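K.L.:
Sending over a structure as structure tokens; questions will come in a sec.
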Amino acid sequence: MVRFWDYLRAFVAERIAAPRDDLTSALLALRDGGGRVFTLDEIRSVLFAFLTAGHETTSSLLANGVRRLLEHPSAWRELRDDPGLVEGAVEEILRFDTSVVGWRRRTLRDVEIGGVPVPAGEQVLMLLGAANRDPGAFDDPEVFDIRRANASDHVSFGRGVHFCIGAPLARLEARTVLRVLTRRLPDARLVPGQDHGFVPNVAFRAPRRLLVEWGSGQRA
């Protein structure tokens, strides 16, 4: 992350010296040489967020989704035969395996959560993955069900003022990819005995790799 931040410092400096027709140059033009609209660090932060929020979370959503669907071959076949199920399937993937399992917040006022008092100004780690499997909100939460009626009640995109502005795009990307994959690889299956591996951190969760085969043994 530090290396990427250093890269962005140099990248923004390059755009200051030679603007182009791109987002960074547009943000710098709004700044217009001063810090009242954007500071340089704020512009770097926007670009930093684009990698994690705009790319990694969606690629994780796709990897998690394909993995779960192929672990439940009947669900893959259902999507293949009825593409209309894809919207519900994407919501269930988001609920069952959210790309971001935990995130940080600071309380603005005294609050009580589950009978536990939390003072104002405290650091809180919200476990979104646990909330998405709350038996008080979802029947049989440990069951992966692409026909779940209230799957979209998940909190994978946050809530309120913190709701992810990229949610519509992420949903569209996932629906499009799953429609294409189930149509073009109807007999796709997981390579048996593989070790997916997961990146060791408290926020992002997705397999490091996902081996899939189809037809007479082709792999990807």
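Chains: A, B, ... in order of the structure tokens. Residues: from 1 per chain. Ligands: from 1, in order shown.
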Give me, as a PyMOL selection string, all polymer residues having an atom no more than 12 Å from Leu47 of chain A, counting only C-alpha atoms and skipping those fewer than 6 positions away in the same chain.
P.N.:
chain A and resi 4-5+7-9+11-12+22-25+27+40-41+53-55
K.L.:
Which residues are close to segment 81-94 of chain A, i.e. within 6 Å by only C-alpha atoms, leaving aside same-chain residues fewer than 2 positions away? Reply as a CSV table (one decimal) with C-alpha atoms, in the first residue's frame.
P.N.:
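And here's out_18.csv as it stands now:
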chain,number,residue,atom,x,y,z
A,65,GLY,CA,-19.5,-16.1,-7.0
A,78,GLU,CA,-30.3,-23.2,-13.1
A,79,LEU,CA,-28.6,-20.0,-14.2
A,96,PHE,CA,-23.0,-15.3,1.4
A,97,ASP,CA,-19.5,-14.2,0.5
A,98,THR,CA,-19.1,-10.4,0.6
A,146,ILE,CA,-29.9,-18.2,-5.3
A,151,ALA,CA,-31.0,-11.9,-0.3
A,152,SER,CA,-30.7,-8.2,-1.2
A,175,ARG,CA,-24.7,-10.2,-13.8
K.L.:
Could you give me, as a ChimeraX atom specification, each residue of segment 37-208 of chain A that DSSP assigns to strand (DSSP E or B) when run on this structure's backbone?
P.N.:
/A:100,102-106,111-113,116-118,123-127,189-190,198,204,207
K.L.:
Write out as a PyMOL selection string which residues come within 12 Å of Arg77 of chain A when counting only C-alpha atoms, dropping same-chain ones fewer than 2 positions away.
P.N.:
chain A and resi 69-75+79-83+85-86+146+178-179+181-183+185-189
K.L.:
Report the distance between atom CA of Ala18 of chain A and atom CA of Arg36 of chain A in Å, rounded to one decimal place.
P.N.:
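Taking atom CA of Ala18 of chain A as the start and atom CA of Arg36 of chain A as the end point, the length is 21.7 Å.
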K.L.:
Just the number, please: distance in Å from atom CA of Asp153 of chain A to atom CA of Glu112 of chain A, one decimal.
P.N.:
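According to the coordinates, atom CA of Asp153 of chain A and atom CA of Glu112 of chain A are separated by 22.3 Å.
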K.L.:
So how far away is atom CA of Val100 of chain A from atom CA of Val143 of chain A, in Å?
P.N.:
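Atom-to-atom, atom CA of Val143 of chain A to atom CA of Val100 of chain A, that is 19.5 Å.
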